[in-house]
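Next comes target09.cif, a file with mmCIF, C-alpha atoms and all ligand atoms.
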data_target
#
loop_
_atom_site.label_atom_id
_atom_site.label_comp_id
_atom_site.auth_asym_id
_atom_site.auth_seq_id
_atom_site.Cartn_x
_atom_site.Cartn_y
_atom_site.Cartn_z
CA MET A 12 61.92 -55.31 -23.43
CA PHE A 13 59.57 -54.45 -26.15
CA PRO A 14 59.10 -55.98 -29.59
CA GLN A 15 59.41 -53.28 -32.20
CA GLY A 16 57.23 -55.04 -34.73
CA VAL A 17 54.47 -57.62 -34.88
CA PRO A 18 54.00 -60.98 -33.14
CA MET A 19 55.71 -63.99 -34.69
CA ASP A 20 53.25 -65.50 -37.13
CA ASP A 21 55.51 -66.94 -39.78
CA GLU A 22 59.03 -68.31 -39.87
CA LEU A 23 61.72 -65.85 -40.93
CA PRO A 24 64.47 -67.29 -43.10
CA LEU A 25 67.90 -67.57 -41.49
CA SER A 26 71.12 -66.68 -43.28
CA ALA A 27 73.67 -69.47 -43.75
CA ASP A 28 75.78 -68.05 -40.90
CA GLU A 29 72.80 -67.84 -38.58
CA ARG A 30 71.78 -71.39 -39.42
CA ARG A 31 75.31 -72.63 -38.67
CA HIS A 32 75.41 -70.72 -35.39
CA ALA A 33 72.02 -72.04 -34.26
CA GLU A 34 73.18 -75.57 -35.14
CA ARG A 35 76.35 -75.15 -33.03
CA VAL A 36 74.30 -73.94 -30.06
CA ARG A 37 71.77 -76.74 -30.55
CA ALA A 38 74.60 -79.32 -30.66
CA ALA A 39 76.23 -77.95 -27.49
CA ILE A 40 72.96 -78.02 -25.54
CA ARG A 41 72.07 -81.42 -26.94
CA ALA A 42 75.46 -82.77 -25.78
CA GLU A 43 74.80 -81.45 -22.28
CA ILE A 44 71.34 -83.04 -22.26
CA ALA A 45 72.88 -86.36 -23.31
CA ALA A 46 75.65 -86.09 -20.68
CA ALA A 47 72.99 -85.44 -18.03
CA GLY A 48 71.11 -88.62 -18.96
CA GLY A 49 68.59 -87.12 -21.40
CA TRP A 50 67.06 -84.36 -19.26
CA LEU A 51 68.12 -80.81 -18.43
CA GLY A 52 66.33 -78.33 -16.18
CA PHE A 53 64.93 -75.37 -18.12
CA GLU A 54 66.99 -72.98 -15.99
CA ARG A 55 70.19 -74.56 -17.32
CA PHE A 56 68.80 -74.63 -20.88
CA MET A 57 68.08 -70.90 -20.69
CA GLU A 58 71.51 -70.21 -19.21
CA LEU A 59 73.20 -72.04 -22.09
CA ALA A 60 71.00 -70.51 -24.79
CA LEU A 61 71.71 -66.99 -23.49
CA TYR A 62 75.17 -67.13 -21.94
CA ALA A 63 77.21 -70.18 -23.08
CA PRO A 64 80.65 -68.71 -23.89
CA GLY A 65 80.96 -67.94 -27.59
CA LEU A 66 77.54 -69.43 -28.31
CA GLY A 67 74.74 -67.90 -26.22
CA TYR A 68 72.59 -65.01 -27.32
CA TYR A 69 74.36 -62.57 -25.01
CA SER A 70 77.83 -64.04 -25.59
CA ALA A 71 78.09 -64.30 -29.34
CA GLY A 72 77.80 -60.94 -31.03
CA THR A 73 74.34 -60.77 -32.56
CA HIS A 74 72.76 -57.34 -32.89
CA LYS A 75 70.26 -57.77 -30.02
CA LEU A 76 68.81 -54.41 -29.01
CA GLY A 77 67.87 -51.06 -30.44
CA ARG A 78 66.94 -50.09 -33.98
CA GLY A 79 67.37 -53.09 -36.29
CA GLY A 80 67.91 -55.45 -33.33
CA ASP A 81 65.62 -58.11 -31.90
CA PHE A 82 63.85 -55.90 -29.38
CA THR A 83 64.02 -52.43 -27.96
CA THR A 84 64.17 -51.06 -24.41
CA ALA A 85 63.25 -47.76 -22.75
CA PRO A 86 66.73 -46.18 -23.09
CA GLU A 87 66.80 -47.19 -26.78
CA ILE A 88 63.40 -45.58 -27.32
CA SER A 89 64.21 -42.22 -25.77
CA ARG A 90 66.84 -40.17 -23.99
CA LEU A 91 64.05 -39.02 -21.71
CA PHE A 92 64.36 -42.28 -19.79
CA GLY A 93 68.03 -41.71 -18.91
CA ALA A 94 67.41 -38.01 -18.22
CA CYS A 95 64.75 -38.85 -15.61
CA ILE A 96 66.92 -41.56 -14.06
CA ALA A 97 69.75 -39.04 -13.85
CA ARG A 98 67.51 -36.74 -11.81
CA GLN A 99 66.74 -39.63 -9.45
CA CYS A 100 70.45 -40.50 -9.18
CA ALA A 101 71.27 -36.85 -8.43
CA GLN A 102 68.97 -36.91 -5.38
CA ILE A 103 70.60 -40.08 -4.08
CA LEU A 104 74.18 -39.00 -4.80
CA GLU A 105 73.52 -35.71 -3.02
CA GLU A 106 73.07 -37.63 0.23
CA ALA A 107 75.16 -40.76 -0.33
CA GLY A 108 78.03 -39.40 -2.40
CA GLY A 109 80.02 -42.00 -4.34
CA GLY A 110 79.44 -43.40 -7.80
CA ILE A 111 77.03 -45.31 -10.03
CA LEU A 112 77.16 -49.02 -10.83
CA GLU A 113 75.05 -49.98 -13.84
CA VAL A 114 74.35 -53.68 -14.22
CA GLY A 115 73.58 -55.06 -17.69
CA ALA A 116 74.19 -51.87 -19.64
CA GLY A 117 73.17 -53.18 -23.09
CA SER A 118 74.34 -50.85 -25.83
CA GLY A 119 75.58 -48.24 -23.30
CA ARG A 120 72.77 -45.83 -24.23
CA LEU A 121 71.49 -45.43 -20.66
CA ALA A 122 75.02 -44.74 -19.38
CA VAL A 123 75.48 -42.00 -21.99
CA ASP A 124 72.14 -40.37 -21.19
CA VAL A 125 72.52 -40.56 -17.41
CA LEU A 126 76.05 -39.15 -17.51
CA THR A 127 75.14 -36.40 -19.96
CA ARG A 128 72.22 -35.21 -17.84
CA LEU A 129 74.17 -35.46 -14.58
CA GLU A 130 76.89 -33.35 -16.16
CA SER A 131 74.39 -30.62 -17.02
CA LEU A 132 73.02 -30.84 -13.46
CA GLU A 133 76.62 -30.50 -12.19
CA ARG A 134 76.25 -33.76 -10.25
CA LEU A 135 78.65 -36.06 -12.10
CA PRO A 136 79.64 -39.08 -10.00
CA ASP A 137 83.33 -39.78 -9.45
CA ARG A 138 82.95 -43.15 -11.10
CA TYR A 139 80.47 -44.84 -13.41
CA CYS A 140 81.02 -48.59 -13.33
CA ILE A 141 79.43 -51.12 -15.65
CA LEU A 142 78.99 -54.80 -14.87
CA ASP A 143 77.84 -56.86 -17.84
CA VAL A 144 78.23 -60.56 -18.61
CA SER A 145 78.38 -59.98 -22.35
CA ALA A 146 81.87 -59.34 -23.73
CA ASP A 147 80.57 -58.09 -27.07
CA LEU A 148 78.07 -55.73 -25.42
CA ARG A 149 80.88 -54.39 -23.21
CA GLU A 150 82.77 -53.57 -26.40
CA ARG A 151 79.69 -51.92 -27.90
CA GLN A 152 79.24 -49.86 -24.68
CA ARG A 153 82.86 -48.73 -24.82
CA ARG A 154 82.47 -47.58 -28.43
CA LEU A 155 79.25 -45.66 -27.78
CA LEU A 156 80.65 -43.94 -24.69
CA GLN A 157 83.86 -43.11 -26.57
CA ASP A 158 81.79 -41.57 -29.40
CA CYS A 159 79.29 -39.67 -27.23
CA VAL A 160 81.12 -38.66 -24.04
CA PRO A 161 84.88 -39.10 -24.69
CA HIS A 162 85.75 -36.55 -21.99
CA LEU A 163 84.02 -38.71 -19.36
CA LEU A 164 85.88 -41.93 -20.18
CA PRO A 165 88.32 -41.52 -17.25
CA ARG A 166 85.32 -41.89 -14.91
CA LEU A 167 84.22 -45.14 -16.54
CA GLN A 168 85.19 -48.57 -15.41
CA TRP A 169 84.08 -52.04 -16.51
CA LEU A 170 83.88 -54.63 -13.73
CA ASP A 171 84.05 -58.41 -14.00
CA ALA A 172 82.20 -58.99 -10.72
CA PRO A 173 80.22 -56.98 -8.14
CA PRO A 174 82.44 -54.75 -5.96
CA GLU A 175 84.20 -56.71 -3.21
CA THR A 176 84.77 -53.71 -0.97
CA PRO A 177 82.18 -51.30 0.50
CA PHE A 178 80.98 -48.58 -1.88
CA ASP A 179 78.56 -45.65 -1.78
CA GLY A 180 76.17 -44.47 -4.47
CA VAL A 181 73.57 -45.94 -6.83
CA ILE A 182 73.14 -49.37 -8.35
CA LEU A 183 71.07 -49.24 -11.50
CA ALA A 184 69.60 -52.09 -13.56
CA ASN A 185 67.17 -51.78 -16.44
CA GLU A 186 65.79 -55.04 -17.82
CA VAL A 187 68.43 -57.32 -16.38
CA LEU A 188 66.27 -59.32 -13.97
CA ASP A 189 64.09 -60.54 -16.82
CA ALA A 190 67.18 -62.05 -18.43
CA LEU A 191 68.08 -64.22 -15.41
CA PRO A 192 67.43 -67.91 -16.14
CA VAL A 193 64.19 -69.26 -14.65
CA ALA A 194 62.97 -72.71 -13.65
CA ARG A 195 59.69 -73.90 -15.11
CA PHE A 196 57.03 -75.90 -13.25
CA ARG A 197 53.61 -77.45 -13.80
CA TRP A 198 50.87 -78.03 -11.24
CA ASN A 199 49.70 -81.62 -11.72
CA GLY A 200 46.91 -81.73 -9.16
CA PRO A 201 48.39 -83.23 -6.04
CA GLY A 202 51.95 -81.97 -6.67
CA PHE A 203 54.40 -80.27 -9.01
CA ASP A 204 56.39 -81.34 -12.07
CA GLU A 205 59.55 -79.60 -13.13
CA LEU A 206 59.43 -78.89 -16.86
CA GLY A 207 62.85 -79.69 -18.24
CA VAL A 208 64.20 -80.10 -21.74
CA GLY A 209 64.83 -83.30 -23.68
CA PHE A 210 65.79 -83.92 -27.29
CA ALA A 211 63.64 -85.95 -29.72
CA ASP A 212 63.23 -86.09 -33.50
CA GLY A 213 65.93 -83.50 -34.07
CA ASP A 214 64.56 -80.84 -31.72
CA PHE A 215 64.24 -79.83 -28.11
CA VAL A 216 61.05 -80.94 -26.36
CA TRP A 217 59.48 -80.15 -22.99
CA SER A 218 60.05 -83.03 -20.63
CA PRO A 219 58.27 -83.13 -17.24
CA ARG A 220 59.49 -84.97 -14.18
CA ARG A 221 58.44 -84.91 -10.53
CA ALA A 222 59.77 -81.76 -8.86
CA GLU A 223 62.50 -82.21 -6.25
CA PRO A 224 61.32 -81.39 -2.70
CA ALA A 225 62.99 -77.92 -2.69
CA MET A 226 61.23 -76.94 -5.91
CA ALA A 227 57.90 -78.40 -4.77
CA GLN A 228 58.18 -76.33 -1.60
CA ALA A 229 59.01 -73.13 -3.53
CA CYS A 230 56.11 -73.70 -5.93
CA GLY A 231 53.77 -74.49 -3.04
CA ALA A 232 54.53 -71.07 -1.55
CA LEU A 233 53.74 -69.41 -4.90
CA ALA A 234 50.47 -71.32 -5.17
CA ALA A 235 49.47 -70.18 -1.68
CA ALA A 236 49.84 -66.55 -2.79
CA ALA A 237 47.86 -66.99 -5.98
CA GLY A 238 44.53 -68.76 -5.58
CA ALA A 239 43.37 -72.01 -7.15
CA TRP A 240 45.33 -73.22 -10.18
CA GLU A 241 43.82 -75.67 -12.60
CA HIS A 242 45.53 -78.98 -13.30
CA GLY A 243 48.26 -78.34 -15.91
CA TYR A 244 48.96 -74.73 -14.83
CA VAL A 245 52.48 -73.79 -15.98
CA SER A 246 54.68 -70.96 -14.78
CA GLU A 247 58.24 -69.96 -13.84
CA TYR A 248 60.25 -68.68 -10.92
CA CYS A 249 63.83 -67.52 -10.63
CA PRO A 250 65.85 -69.57 -8.10
CA ARG A 251 68.98 -67.48 -8.55
CA LEU A 252 67.28 -64.12 -7.97
CA ALA A 253 68.03 -63.99 -4.23
CA PRO A 254 71.72 -65.03 -4.31
CA TRP A 255 72.38 -62.84 -7.34
CA THR A 256 70.73 -59.81 -5.72
CA ARG A 257 72.63 -60.38 -2.48
CA SER A 258 75.99 -60.56 -4.27
CA LEU A 259 75.20 -57.28 -6.00
CA VAL A 260 74.05 -55.23 -3.04
CA GLU A 261 75.97 -56.72 -0.14
CA ASN A 262 78.80 -54.19 -0.34
CA LEU A 263 76.57 -51.15 -0.85
CA ARG A 264 77.31 -49.08 2.27
CA ARG A 265 75.28 -45.89 1.68
CA GLY A 266 73.00 -45.40 -1.26
CA ALA A 267 70.19 -46.93 -3.30
CA VAL A 268 69.38 -49.67 -5.78
CA LEU A 269 67.05 -48.78 -8.65
CA TRP A 270 65.44 -51.67 -10.51
CA PHE A 271 63.41 -51.25 -13.70
CA ASP A 272 61.73 -54.16 -15.42
CA TYR A 273 58.47 -55.60 -16.60
CA GLY A 274 56.63 -57.72 -14.12
CA LEU A 275 54.06 -57.90 -11.35
CA PRO A 276 53.63 -58.44 -7.64
CA ARG A 277 53.34 -62.16 -6.88
CA ALA A 278 49.55 -62.38 -6.41
CA GLN A 279 49.03 -60.97 -9.92
CA TYR A 280 51.95 -62.80 -11.52
CA TYR A 281 50.58 -66.21 -10.55
CA LEU A 282 46.90 -65.50 -11.23
CA PRO A 283 45.06 -68.72 -12.19
CA GLU A 284 44.21 -67.34 -15.65
CA ARG A 285 47.89 -66.82 -16.54
CA GLN A 286 48.18 -70.54 -17.09
CA ASP A 287 51.06 -70.68 -19.57
CA GLY A 288 53.52 -68.60 -17.57
CA THR A 289 55.33 -65.50 -18.73
CA LEU A 290 58.19 -66.69 -20.91
CA ILE A 291 58.71 -64.35 -23.85
CA CYS A 292 61.19 -64.68 -26.68
CA HIS A 293 62.34 -62.01 -29.13
CA TYR A 294 63.70 -62.64 -32.55
CA ARG A 295 64.08 -59.91 -35.16
CA GLN A 296 61.55 -57.62 -33.55
CA ARG A 297 58.95 -60.32 -33.11
CA ALA A 298 57.68 -61.62 -29.80
CA HIS A 299 56.64 -65.24 -29.35
CA GLY A 300 56.59 -68.01 -26.74
CA ASP A 301 58.86 -70.77 -28.11
CA PRO A 302 62.22 -70.85 -26.27
CA PHE A 303 63.46 -73.73 -28.45
CA LEU A 304 63.36 -71.74 -31.68
CA HIS A 305 66.76 -70.70 -33.16
CA PRO A 306 68.88 -71.32 -30.02
CA GLY A 307 71.54 -68.64 -29.58
CA LEU A 308 69.83 -66.31 -32.05
CA GLN A 309 66.88 -65.20 -29.98
CA ASP A 310 66.41 -63.60 -26.59
CA ILE A 311 64.51 -65.50 -23.90
CA SER A 312 63.11 -63.70 -20.88
CA ALA A 313 60.47 -63.99 -18.18
CA TRP A 314 58.49 -61.41 -16.25
CA VAL A 315 59.82 -60.39 -12.87
CA ASP A 316 58.02 -61.42 -9.68
CA PHE A 317 58.50 -58.13 -7.79
CA THR A 318 57.47 -59.75 -4.50
CA ALA A 319 60.39 -62.18 -4.91
CA LEU A 320 62.68 -59.23 -5.66
CA ALA A 321 61.40 -57.46 -2.55
CA GLU A 322 62.07 -60.56 -0.44
CA ALA A 323 65.58 -60.81 -1.87
CA CYS A 324 66.39 -57.14 -1.17
CA MET A 325 64.93 -57.35 2.31
CA ALA A 326 66.99 -60.45 3.06
CA ALA A 327 70.01 -58.42 1.94
CA SER A 328 69.14 -55.82 4.63
CA CYS A 329 67.97 -53.03 2.31
CA GLU A 330 64.99 -50.77 3.02
CA LEU A 331 62.14 -50.48 0.53
CA ALA A 332 61.99 -46.89 -0.73
CA GLY A 333 59.33 -47.22 -3.42
CA PHE A 334 57.53 -49.37 -5.99
CA THR A 335 55.58 -47.82 -8.82
CA THR A 336 54.86 -48.00 -12.52
CA GLN A 337 57.33 -46.67 -15.08
CA ALA A 338 54.76 -44.00 -16.01
CA HIS A 339 54.42 -42.72 -12.45
CA PHE A 340 58.17 -42.87 -11.92
CA LEU A 341 58.94 -40.78 -15.00
CA ALA A 342 56.12 -38.34 -14.31
CA GLY A 343 57.30 -37.91 -10.70
CA LEU A 344 60.72 -36.97 -12.01
CA GLY A 345 59.31 -34.34 -14.35
CA ILE A 346 59.49 -35.99 -17.77
CA ASP A 347 57.62 -33.00 -19.22
CA GLY A 348 60.32 -30.62 -18.01
CA GLU A 349 62.99 -32.97 -19.38
CA MET A 350 61.29 -32.80 -22.80
CA ARG A 351 61.57 -29.00 -22.72
CA PHE A 352 65.17 -29.19 -21.52
CA LEU A 353 66.29 -31.70 -24.19
CA ALA A 354 64.41 -29.96 -27.01
CA GLY A 355 65.49 -26.40 -26.20
CA PRO A 356 63.95 -24.07 -28.77
CA ASP A 357 63.68 -26.85 -31.40
CA GLU A 358 59.91 -27.45 -31.78
CA ALA A 359 60.33 -30.37 -34.19
CA ARG A 360 62.57 -32.09 -31.66
CA PHE A 361 60.02 -31.37 -28.93
CA LEU A 362 57.35 -33.15 -30.98
CA ARG A 363 59.63 -36.15 -31.53
CA LEU A 364 60.32 -36.32 -27.80
CA ALA A 365 56.59 -36.05 -27.08
CA SER A 366 55.90 -39.09 -29.23
CA GLU A 367 58.76 -41.01 -27.53
CA ALA A 368 57.37 -40.01 -24.13
CA LYS A 369 54.03 -41.51 -25.16
CA ARG A 370 55.68 -44.89 -25.70
CA LEU A 371 57.33 -44.72 -22.29
CA LEU A 372 54.19 -43.57 -20.49
CA MET A 373 51.06 -44.99 -22.14
CA PRO A 374 49.43 -47.95 -20.34
CA GLY A 375 49.19 -49.93 -23.58
CA GLU A 376 52.89 -49.43 -24.29
CA MET A 377 55.49 -49.44 -21.50
CA GLY A 378 53.86 -47.22 -18.88
CA GLU A 379 52.12 -49.85 -16.73
CA ARG A 380 53.72 -53.15 -17.57
CA PHE A 381 57.14 -51.83 -16.61
CA LYS A 382 57.81 -51.04 -12.97
CA ALA A 383 60.37 -49.11 -10.95
CA MET A 384 61.51 -50.28 -7.54
CA ALA A 385 63.98 -48.60 -5.16
CA TRP A 386 65.82 -49.90 -2.11
CA THR A 387 68.09 -47.87 0.13
CA ARG A 388 70.76 -48.51 2.70
CA GLY A 389 72.04 -45.90 5.15
CA VAL A 390 70.27 -42.97 3.44
CA ASP A 391 66.74 -41.58 3.28
CA PRO A 392 66.72 -39.12 0.38
CA GLY A 393 62.95 -39.07 -0.36
CA LEU A 394 62.84 -40.22 -3.98
CA SER A 395 60.81 -38.06 -6.40
CA GLY A 396 60.23 -41.03 -8.72
CA PHE A 397 57.91 -42.55 -6.14
CA ALA A 398 56.21 -39.38 -4.93
CA LEU A 399 53.15 -39.53 -7.23
CA ARG A 400 52.02 -43.10 -6.58
CA ASP A 401 53.56 -45.86 -4.51
CA PHE A 402 52.22 -49.38 -5.00
CA ARG A 403 54.26 -51.08 -2.28
CA HIS A 404 51.05 -52.29 -0.61
CA THR A 405 50.54 -54.63 -3.60
CA LEU A 406 53.81 -56.52 -3.00
C1 LIG B 501 67.69 -57.00 -22.03
S1 LIG B 501 69.30 -56.38 -22.00
C2 LIG B 501 69.02 -54.77 -21.30
C3 LIG B 501 70.11 -53.80 -21.65
C4 LIG B 501 69.96 -52.35 -21.13
N1 LIG B 501 69.91 -52.29 -19.70
C5 LIG B 501 68.78 -51.66 -21.74
O1 LIG B 501 67.83 -51.39 -21.03
O2 LIG B 501 68.80 -51.39 -22.95
C6 LIG B 501 70.03 -57.29 -20.66
C7 LIG B 501 71.44 -56.87 -20.33
O3 LIG B 501 71.85 -57.51 -19.13
C8 LIG B 501 73.10 -58.15 -19.32
N2 LIG B 501 73.09 -59.26 -18.35
C9 LIG B 501 72.35 -60.38 -18.36
N3 LIG B 501 72.59 -61.14 -17.28
C10 LIG B 501 73.50 -60.45 -16.54
C11 LIG B 501 74.14 -60.71 -15.29
N4 LIG B 501 73.90 -61.83 -14.60
N5 LIG B 501 75.03 -59.80 -14.84
C12 LIG B 501 75.29 -58.66 -15.55
N6 LIG B 501 74.71 -58.38 -16.74
C13 LIG B 501 73.83 -59.26 -17.22
C14 LIG B 501 73.10 -58.50 -20.78
O4 LIG B 501 74.38 -58.74 -21.29
C15 LIG B 501 72.49 -57.22 -21.36
O5 LIG B 501 73.42 -56.19 -21.44
#

Any chance you could put this one into structure tokens?
Ligand SMILES: C[S@@+](CC[C@H](N)C(=O)[O-])C[C@H]1O[C@@H](n2cnc3c(N)ncnc32)[C@H](O)[C@@H]1O
Amino acid sequence: MFPQGVPMDDELPLSADERRHAERVRAAIRAEIAAAGGWLGFERFMELALYAPGLGYYSAGTHKLGRGGDFTTAPEISRLFGACIARQCAQILEEAGGGILEVGAGSGRLAVDVLTRLESLERLPDRYCILDVSADLRERQRRLLQDCVPHLLPRLQWLDAPPETPFDGVILANEVLDALPVARFRWNGPGFDELGVGFADGDFVWSPRRAEPAMAQACGALAAAAGAWEHGYVSEYCPRLAPWTRSLVENLRRGAVLWFDYGLPRAQYYLPERQDGTLICHYRQRAHGDPFLHPGLQDISAWVDFTALAEACMAASCELAGFTTQAHFLAGLGIDGEMRFLAGPDEARFLRLASEAKRLLMPGEMGERFKAMAWTRGVDPGLSGFALRDFRHTL
């Protein structure tokens, strides 16, 4: 996730419709806070703000991603991203056979680019399934795929839940983990507070209370990995990461899971100097840190703790096949050759692709902050995306 513009420094005016929508979302969350006795865990707040049916950011038809949306992502920046992922999928499908399951497909851009490149490589999967919680994004995906690859529609299928029977192939998720609701905590010296949400003077407010034993134990384990935190240190973790991951991968029989997201191994994620956590909100191409602003109109996300993801995948009996930066992953898959392939003889197009590649690769843009991680089950294809550098020792 990447803001397209500048950080939030001034308030942007809302249209009358937007104001009404934000008020409806605010009222629904406020009612749940009241029903719960005046306090709601942040994880539940984030779930409502993003996914409450008909209200949440991902459930209520705002523009969200891509040009003119709230933020942009690698597939929205360049087709090179999907072309490289297609090459990685081709290697896996060669050994595992089967299809592709994309989780959280956004606008459908990545699906179009992966399918298009796999077609030219003559490695089209039998099926390309999409699992996405957002009904309006599913509709947007269907329209884009219909426009761009109408002849491939018979291979496409939208799922309402992870497959319940064994399947072979690739599971693919770009920037979905960062959208899973997180719990927020604060180190208070001898113990931990859970930072929840209350309502006062017409707005949401942070409201601390002593962490339940399970949360205190989880936070204690994070602290042990990180070094000394100062009193008042605030951060997040994602309690639903492990069960969600397990439900997704448990029926993968032969194949691989490819995760792409921004985040860090645990020891770096919870460094003492990162004392305000990693929550990041996007509204009209501006990035800021206030999750209570314009509920339902803005995205809320948190960085991914890749050590937690590794633990979750290991607990689901997958084998780690690689962990690297987005830059190394794309370079390992020959992004330069993909530029030549996509541009053909068109030099102006080549130059455009070169400038897109810069955004995907440069350390100050997406190249380092975003990571790629692969897990396999029942296959050992040797993944080119992780051949240049593998940072698994940092997990
Ligand atoms: C930040 S967007 C990324 C979209 C796309 N992958 C891209 O890179 O442009 C997050 C996507 O994940 C979907 N999503 C969020 N939580 C999900 C979940 N639990 N299961 C499936 N999809 C989910 C959202 O609806 C949205 O399509």

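A distance cut-off of 6 Å from ligand LIG 501 (chain B), applied to only C-alpha atoms and all ligand atoms, picks out the residues Tyr69, Thr84, Pro86, Val114, Gly115, Ala116, Gly117, Leu142, Asp143, Val144, Ser145, Asn185, Glu186, Val187, Ala190 and Leu191 of chain A.
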
Would you mind listing what lies within 8 Å of Pro392 (chain A) as a short mmCIF file (atom, residue, chain, number, x, y, z; two decimals) with C-alpha atoms, keeping the file's coordinate frame, with only C-alpha atoms counted and same-chain residues fewer than 4 positions away left out?
data_model
loop_
_atom_site.label_atom_id
_atom_site.label_comp_id
_atom_site.auth_asym_id
_atom_site.auth_seq_id
_atom_site.Cartn_x
_atom_site.Cartn_y
_atom_site.Cartn_z
CA GLN A 102 68.97 -36.91 -5.38
CA ILE A 103 70.60 -40.08 -4.08
CA GLU A 106 73.07 -37.63 0.23
#

Notebook entry, point to check: Which polymer residues have any atom within 12 Å of an atom of Ala342 (chain A), counting all atoms listed in the file, with same-chain residues fewer than 3 positions away left out, as a PyMOL selection string?
Noted result: chain A and resi 91-92+94-96+98-99+335-339+345-350+368-369+371-373+378+395-400

Next item on the list: Skip Gly108 (chain A) itself and residues of its chain fewer than 3 positions away, then list as a ChimeraX atom specification all residues within 6 Å of it, counting all atoms listed in the file.
Entry: /A:104-105,180

Notebook entry, point to check: Using all atoms listed in the file, which residue out of A:Asp81, A:Asp171, A:Glu379, A:Glu247 lies closest to Cys292 (chain A)?
Noted result: A:Asp81

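The two atoms in question, CA of Gly375 (chain A) and CA of Tyr273 (chain A), are spaced 12.9 Å apart.
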
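Between CA of Pro64 (chain A) and CA of Glu34 (chain A) the interatomic distance comes to 15.1 Å.
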
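Taking CA of Glu261 (chain A) and CA of Phe178 (chain A) as endpoints, the distance between them is 9.7 Å.
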
If you take all atoms listed in the file and a cut-off of 10 Å, which residues of region 32-126 of chain A touch region 293-315 of chain A, and what are their nearest atom pairs and distances in Å to one decimal, in chain and number order, as JSON lines?
{"residue": "A:His32", "atom": "CA", "partner": "A:Gly307", "partner_atom": "CA", "distance": 7.3}
{"residue": "A:Ala33", "atom": "CA", "partner": "A:Pro306", "partner_atom": "CA", "distance": 5.3}
{"residue": "A:Glu34", "atom": "CA", "partner": "A:Pro306", "partner_atom": "CA", "distance": 7.9}
{"residue": "A:Arg35", "atom": "CA", "partner": "A:Gly307", "partner_atom": "CA", "distance": 8.8}
{"residue": "A:Val36", "atom": "CA", "partner": "A:Gly307", "partner_atom": "CA", "distance": 6.0}
{"residue": "A:Arg37", "atom": "CA", "partner": "A:Pro306", "partner_atom": "CA", "distance": 6.2}
{"residue": "A:Ala38", "atom": "CA", "partner": "A:Pro306", "partner_atom": "CA", "distance": 9.9}
{"residue": "A:Ile40", "atom": "CA", "partner": "A:Pro306", "partner_atom": "CA", "distance": 9.0}
{"residue": "A:Phe53", "atom": "CA", "partner": "A:Pro302", "partner_atom": "CA", "distance": 9.7}
{"residue": "A:Phe56", "atom": "CA", "partner": "A:Phe303", "partner_atom": "CA", "distance": 9.3}
{"residue": "A:Met57", "atom": "CA", "partner": "A:Ile311", "partner_atom": "CA", "distance": 7.2}
{"residue": "A:Glu58", "atom": "CA", "partner": "A:Ile311", "partner_atom": "CA", "distance": 9.7}
{"residue": "A:Leu59", "atom": "CA", "partner": "A:Gly307", "partner_atom": "CA", "distance": 8.4}
{"residue": "A:Ala60", "atom": "CA", "partner": "A:Gly307", "partner_atom": "CA", "distance": 5.2}
{"residue": "A:Leu61", "atom": "CA", "partner": "A:Gly307", "partner_atom": "CA", "distance": 6.3}
{"residue": "A:Tyr62", "atom": "CA", "partner": "A:Gly307", "partner_atom": "CA", "distance": 8.6}
{"residue": "A:Ala63", "atom": "CA", "partner": "A:Gly307", "partner_atom": "CA", "distance": 8.8}
{"residue": "A:Gly65", "atom": "CA", "partner": "A:Gly307", "partner_atom": "CA", "distance": 9.7}
{"residue": "A:Leu66", "atom": "CA", "partner": "A:Gly307", "partner_atom": "CA", "distance": 6.2}
{"residue": "A:Gly67", "atom": "CA", "partner": "A:Gly307", "partner_atom": "CA", "distance": 4.7}
{"residue": "A:Tyr68", "atom": "CA", "partner": "A:Gly307", "partner_atom": "CA", "distance": 4.4}
{"residue": "A:Tyr69", "atom": "CA", "partner": "A:Gly307", "partner_atom": "CA", "distance": 8.1}
{"residue": "A:Ser70", "atom": "CA", "partner": "A:Gly307", "partner_atom": "CA", "distance": 8.8}
{"residue": "A:Ala71", "atom": "CA", "partner": "A:Gly307", "partner_atom": "CA", "distance": 7.9}
{"residue": "A:Gly72", "atom": "CA", "partner": "A:Leu308", "partner_atom": "CA", "distance": 9.7}
{"residue": "A:Thr73", "atom": "CA", "partner": "A:Leu308", "partner_atom": "CA", "distance": 7.2}
{"residue": "A:His74", "atom": "CA", "partner": "A:Arg295", "partner_atom": "CA", "distance": 9.3}
{"residue": "A:Lys75", "atom": "CA", "partner": "A:Asp310", "partner_atom": "CA", "distance": 7.8}
{"residue": "A:Leu76", "atom": "CA", "partner": "A:Gln296", "partner_atom": "CA", "distance": 9.1}
{"residue": "A:Gly77", "atom": "CA", "partner": "A:Gln296", "partner_atom": "CA", "distance": 9.6}
{"residue": "A:Arg78", "atom": "CA", "partner": "A:Gln296", "partner_atom": "CA", "distance": 9.3}
{"residue": "A:Gly79", "atom": "CA", "partner": "A:Arg295", "partner_atom": "CA", "distance": 7.7}
{"residue": "A:Gly80", "atom": "CA", "partner": "A:Arg295", "partner_atom": "CA", "distance": 6.2}
{"residue": "A:Asp81", "atom": "CA", "partner": "A:Arg295", "partner_atom": "CA", "distance": 4.0}
{"residue": "A:Phe82", "atom": "CA", "partner": "A:Gln296", "partner_atom": "CA", "distance": 5.1}
{"residue": "A:Thr83", "atom": "CA", "partner": "A:Gln296", "partner_atom": "CA", "distance": 8.0}

Next item on the list: Could you tell me which of A:Met325, A:Leu206, A:Val245, A:Leu331 comes closest to Arg55 (chain A) if we count all atoms listed in the file?
Entry: A:Leu206

Notebook entry, point to check: Looking at A:Arg360, A:Arg30, A:Arg195, A:Arg277, which one is nearest to Leu290 (chain A), with distances taken over all atoms listed in the file?
Noted result: A:Arg195
